[in-house]
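Here is the structure we will look at, set down as structure tokens.
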Amino acid sequence: MSSPTQTRTVGRPPARPLPVPAPKRRRSWRADPWRKPRVLEAITWAYLLWSLVPVLIAIWISFSSGRSNSTFTGPFSLQYWTGTGFEGSGSLFRDPELRSAIRQTVTLSALTMLVAVPLGVLFAIGLDRWRGRGARASNFLMLLSFVMPEIILGVAVLYVVLYLFKFIPLGTPAQLIGLITFQISYPVIIVRARLLSIGSEYEEAAMDLGATPRQSIRAVLLPLLAPAVLASAAIVFADTVDDFVTVTYLKRDTASEALATKIYTQVRGSPTPAVNAAATLMLITTTAVIALGYIAYKRYSRGQQGGLQEFSSSI
Amino acid sequence: VRSSETLEPAPGLEPAPNETKRPPAGAVAASAGVWYPKRFWQKFAAPATIWLLVFFALPFYVVVSIGFGTVDEAFRSPIPVYQPWWWQFQTASEALDKVFGRFWPAYLRTFAFVLIASAICLTIGYAVAYYVARFGGKRRAMFLVLLIAPFWISYLMRMLAWQSLLKEDGYINGFLHLVGLPTFGWLEGQPITVILGLVYGYVPYMILPLYGFLDRIDGSLLEAGRDLGASPVRTFFRVTLPLSKPAILAGLVIVTLPMFGDYYTNNLLSGSPRTTMIGNILDDSINTSGQGPEAAIFTMILMVILIIPMLYYLRSTARDLERR
């Protein structure tokens, strides 16, 4: 696609003088290597608007006064958050079922984070140094759990709980098992990326100065890994709040339904803006957790390379 | 006291020769005489490995054992058979008959939907990722935040947003009415709605890996192309695009895997049998009592369909790690 005039002169001499300047000027705008990529910029902005505006509208509707969750009816009100809802249809913080769902979501997310992150961090450290066939198989298993569609994992855990480990009841215990299995790969991937950039020099220096392997890990490696550990904790928590397939398949009754399950069933029924309020609450929670994770990441990785770029690539 | 601990191997802890050296600077550690206890690193990996074996690998065997197992006549509940030599294949052949009979249109439809949706994802995703990586400039951080935002907005929230926009009395139809166009029953089992829902749901997963890759492309390669007389467009097609082939494939795998297992997009945006996908068939059979073995067979079929893209992805990430 190099300039057509050139090929013409090379191939055969032009019979006529070159075209008039008018089309050439148009072409020269197109051929200007430093022109602004206006089309790409327009696509990018259109995409961003398309991806975010619907969500903003949904948030806005949670403050509606009407019954419908497809249009905003003024005036601005909190009746679907803390009030009684339209003609007593219930609000997020008043409805006992939605309240118990909020509690269940927070419990599941916190416990999943507390188990999955330590397991994943130790796994990452071990895999980083352990060579051999066992390590490869173990790594393969972990990556497979990362790419496995959630519905398959959900069915598998459901069946193992129902028919093999019958002592594990459905509800919170089964949900936790499913969530931890699904989430374990996040800390592993994030911490391994960090381990690669740290290298083994610091630990070796510590051991040259007389630390035992165990001490060098506790006093040198773990503090260096802190940013990655915090980032992965935030990601695991936020992702569990948003999880819906696993928690729905492994629930037992309405008491073990998480907020996401409630939203799903209500959206399929006749949703009121209380659903929008519930979804907005989830959004606020995940955003706050991710923001905290990012701040902690920044603080702990002060003076080292890092920042938004690395934080985002860790996702 | 401490140095004597580390400089000589403690009694009882035999140094395994291949564990004393750690690349890349392992030679230093070895010459300083630091021995790692036997199976030191394995112990770190053990808890999670055991967890994954018990709660990830074993469950798949249970699924297979239920699919090839029998059913309790009285309660219609599945009885898993763990011994392969006693496996029965009656449920499996019945389920396969259904797949190639009653459910065949849904299987074909799923492939069509996923193909179209992932092609759109790639087009949008590549354009956006390319723009931000090459021309983001000072606004790059802002762009990144906006591109990551959809990850932390739950999938349900995003589908809820579209569902209310597309309702009969929603804003989209309100707009169509306003400009004098006929309104459209978006949520009444329209393939276009489901495909757009899939694109909307999964395009962020395409953009980030592409961005990460395009951002790492060495600018001097592009400059070389330009210096040798190629136009920007030619440079793109001859240098950037071939270079980003692995990232494109990885991105496609990342978006297609969950699309094949997706049933909620369909349930929220259509719910009609006209748009049923593989995920819906599986979800329906799990939620129907007495269908345990059949659901297990459907799960296995989905696994078989997805195993090649999954293995491809695992291999490419493994190669990526080695290259770093």
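In the structure tokens, each chain is lettered A, B, ... as it comes, each chain's residues begin at 1, and ligands are numbered from 1 in order of appearance.
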Practice problem: For segment 169-171 of chain B, work out the shell of residues within 9 Å, counting only C-alpha atoms and skipping chain neighbours fewer than 5 positions away, then give it as an MDAnalysis selection string. | Solution: (chainID A and resid 69:71) or (chainID B and resid 163:164 176)
For C-alpha atoms, I'd like the residues from the last selection saved as a short mmCIF file (atom, residue, chain, number, x, y, z; two decimals), in the first residue's frame.
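This went into again_34.cif:
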```cif
data_model
loop_
_atom_site.label_atom_id
_atom_site.label_comp_id
_atom_site.auth_asym_id
_atom_site.auth_seq_id
_atom_site.Cartn_x
_atom_site.Cartn_y
_atom_site.Cartn_z
CA ASN A 69 -36.76 -0.62 36.90
CA SER A 70 -36.56 0.28 33.23
CA THR A 71 -37.24 4.01 33.50
CA GLN B 163 -32.24 -5.77 30.23
CA SER B 164 -33.86 -2.63 31.56
CA LEU B 176 -36.82 4.53 18.64
#
```
For the interface of chain B with chain A (cut-off 7 Å, counting only C-alpha atoms), please tabulate each contacting residue of chain B alongside its nearest pair of atoms and their separation in Å to one decimal, rows sorted by chain and increasing number, as JSON lines.
```
{"residue": "B:Arg2", "atom": "CA", "partner": "A:Gly210", "partner_atom": "CA", "distance": 5.9}
{"residue": "B:Ser3", "atom": "CA", "partner": "A:Gly210", "partner_atom": "CA", "distance": 4.8}
{"residue": "B:Thr6", "atom": "CA", "partner": "A:Thr212", "partner_atom": "CA", "distance": 5.6}
{"residue": "B:Arg22", "atom": "CA", "partner": "A:Arg129", "partner_atom": "CA", "distance": 7.0}
{"residue": "B:Ala29", "atom": "CA", "partner": "A:Glu204", "partner_atom": "CA", "distance": 6.1}
{"residue": "B:Ala32", "atom": "CA", "partner": "A:Asp208", "partner_atom": "CA", "distance": 6.7}
{"residue": "B:Tyr36", "atom": "CA", "partner": "A:Pro213", "partner_atom": "CA", "distance": 6.6}
{"residue": "B:Trp41", "atom": "CA", "partner": "A:Gly126", "partner_atom": "CA", "distance": 4.5}
{"residue": "B:Gln42", "atom": "CA", "partner": "A:Gly126", "partner_atom": "CA", "distance": 5.9}
{"residue": "B:Phe44", "atom": "CA", "partner": "A:Gly126", "partner_atom": "CA", "distance": 4.7}
{"residue": "B:Ala45", "atom": "CA", "partner": "A:Phe123", "partner_atom": "CA", "distance": 4.1}
{"residue": "B:Pro47", "atom": "CA", "partner": "A:Leu119", "partner_atom": "CA", "distance": 6.5}
{"residue": "B:Ala48", "atom": "CA", "partner": "A:Leu119", "partner_atom": "CA", "distance": 5.4}
{"residue": "B:Thr49", "atom": "CA", "partner": "A:Ser138", "partner_atom": "CA", "distance": 6.1}
{"residue": "B:Leu52", "atom": "CA", "partner": "A:Thr181", "partner_atom": "CA", "distance": 6.7}
{"residue": "B:Phe55", "atom": "CA", "partner": "A:Thr181", "partner_atom": "CA", "distance": 6.7}
{"residue": "B:Phe56", "atom": "CA", "partner": "A:Thr181", "partner_atom": "CA", "distance": 6.8}
{"residue": "B:Pro59", "atom": "CA", "partner": "A:Ala156", "partner_atom": "CA", "distance": 5.0}
{"residue": "B:Phe60", "atom": "CA", "partner": "A:Ala156", "partner_atom": "CA", "distance": 5.8}
{"residue": "B:Val62", "atom": "CA", "partner": "A:Val160", "partner_atom": "CA", "distance": 6.1}
{"residue": "B:Val63", "atom": "CA", "partner": "A:Ala156", "partner_atom": "CA", "distance": 6.0}
{"residue": "B:Ala127", "atom": "CA", "partner": "A:Leu40", "partner_atom": "CA", "distance": 6.2}
{"residue": "B:Val128", "atom": "CA", "partner": "A:Thr44", "partner_atom": "CA", "distance": 4.9}
{"residue": "B:Tyr131", "atom": "CA", "partner": "A:Leu40", "partner_atom": "CA", "distance": 5.9}
{"residue": "B:Trp152", "atom": "CA", "partner": "A:Thr286", "partner_atom": "CA", "distance": 6.0}
{"residue": "B:Ile153", "atom": "CA", "partner": "A:Leu283", "partner_atom": "CA", "distance": 5.5}
{"residue": "B:Ser154", "atom": "CA", "partner": "A:Asp242", "partner_atom": "CA", "distance": 5.0}
{"residue": "B:Leu156", "atom": "CA", "partner": "A:Tyr264", "partner_atom": "CA", "distance": 7.0}
{"residue": "B:Met157", "atom": "CA", "partner": "A:Ala279", "partner_atom": "CA", "distance": 5.5}
{"residue": "B:Arg158", "atom": "CA", "partner": "A:Val55", "partner_atom": "CA", "distance": 6.1}
{"residue": "B:Leu160", "atom": "CA", "partner": "A:Val267", "partner_atom": "CA", "distance": 6.9}
{"residue": "B:Ala161", "atom": "CA", "partner": "A:Ala58", "partner_atom": "CA", "distance": 5.1}
{"residue": "B:Trp162", "atom": "CA", "partner": "A:Pro54", "partner_atom": "CA", "distance": 6.5}
{"residue": "B:Ser164", "atom": "CA", "partner": "A:Ser70", "partner_atom": "CA", "distance": 4.3}
{"residue": "B:Leu165", "atom": "CA", "partner": "A:Ser70", "partner_atom": "CA", "distance": 6.1}
{"residue": "B:Lys167", "atom": "CA", "partner": "A:Ser70", "partner_atom": "CA", "distance": 6.7}
{"residue": "B:Asp169", "atom": "CA", "partner": "A:Ser70", "partner_atom": "CA", "distance": 6.8}
{"residue": "B:Gly170", "atom": "CA", "partner": "A:Ser70", "partner_atom": "CA", "distance": 5.0}
{"residue": "B:Tyr171", "atom": "CA", "partner": "A:Thr71", "partner_atom": "CA", "distance": 6.9}
{"residue": "B:Gly212", "atom": "CA", "partner": "A:Ser313", "partner_atom": "CA", "distance": 6.8}
{"residue": "B:Ala230", "atom": "CA", "partner": "A:Ser2", "partner_atom": "CA", "distance": 6.0}
{"residue": "B:Ser231", "atom": "CA", "partner": "A:Ser2", "partner_atom": "CA", "distance": 5.5}
{"residue": "B:Pro232", "atom": "CA", "partner": "A:Pro33", "partner_atom": "CA", "distance": 6.3}
{"residue": "B:Arg234", "atom": "CA", "partner": "A:Met1", "partner_atom": "CA", "distance": 5.9}
{"residue": "B:Leu257", "atom": "CA", "partner": "A:Pro149", "partner_atom": "CA", "distance": 6.2}
{"residue": "B:Pro258", "atom": "CA", "partner": "A:Pro149", "partner_atom": "CA", "distance": 5.2}
{"residue": "B:Gly261", "atom": "CA", "partner": "A:Pro149", "partner_atom": "CA", "distance": 5.8}
{"residue": "B:Leu268", "atom": "CA", "partner": "A:Arg268", "partner_atom": "CA", "distance": 6.2}
{"residue": "B:Thr299", "atom": "CA", "partner": "A:Ile152", "partner_atom": "CA", "distance": 6.2}
{"residue": "B:Met310", "atom": "CA", "partner": "A:Val147", "partner_atom": "CA", "distance": 6.7}
{"residue": "B:Leu314", "atom": "CA", "partner": "A:Leu143", "partner_atom": "CA", "distance": 6.7}
```
Self-check item: atom CA of Phe86 of chain A to atom CA of Ser65 of chain A, distance in Å rounded to a single decimal
Solution: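 If I compute the distance from atom CA of Phe86 of chain A to atom CA of Ser65 of chain A, I get 6.9 Å.
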Self-check item: Non-local contacts of Met113 of chain A (7 Å; only C-alpha atoms; under 5 positions in same chain excluded) as a list in words
Solution: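 My reading of the contact set: Ala233, Val236 and Phe237 of chain A.
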Deliver the residues from the most recent selection as a file, using C-alpha atoms, as a compact mmCIF listing (two decimals), in the first residue's frame.
```txt
# COMPACT_ATOMS: atom_id res chain seq x y z
CA ALA A 233 -6.55 -10.52 48.24
CA VAL A 236 -10.25 -12.52 45.20
CA PHE A 237 -12.63 -10.66 47.51
```
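You can rank A:Leu108, A:Ala174, A:Leu114, A:Ile198 by their closest distance to Leu230 of chain A using only C-alpha atoms, and at the top of that list sits A:Leu114.
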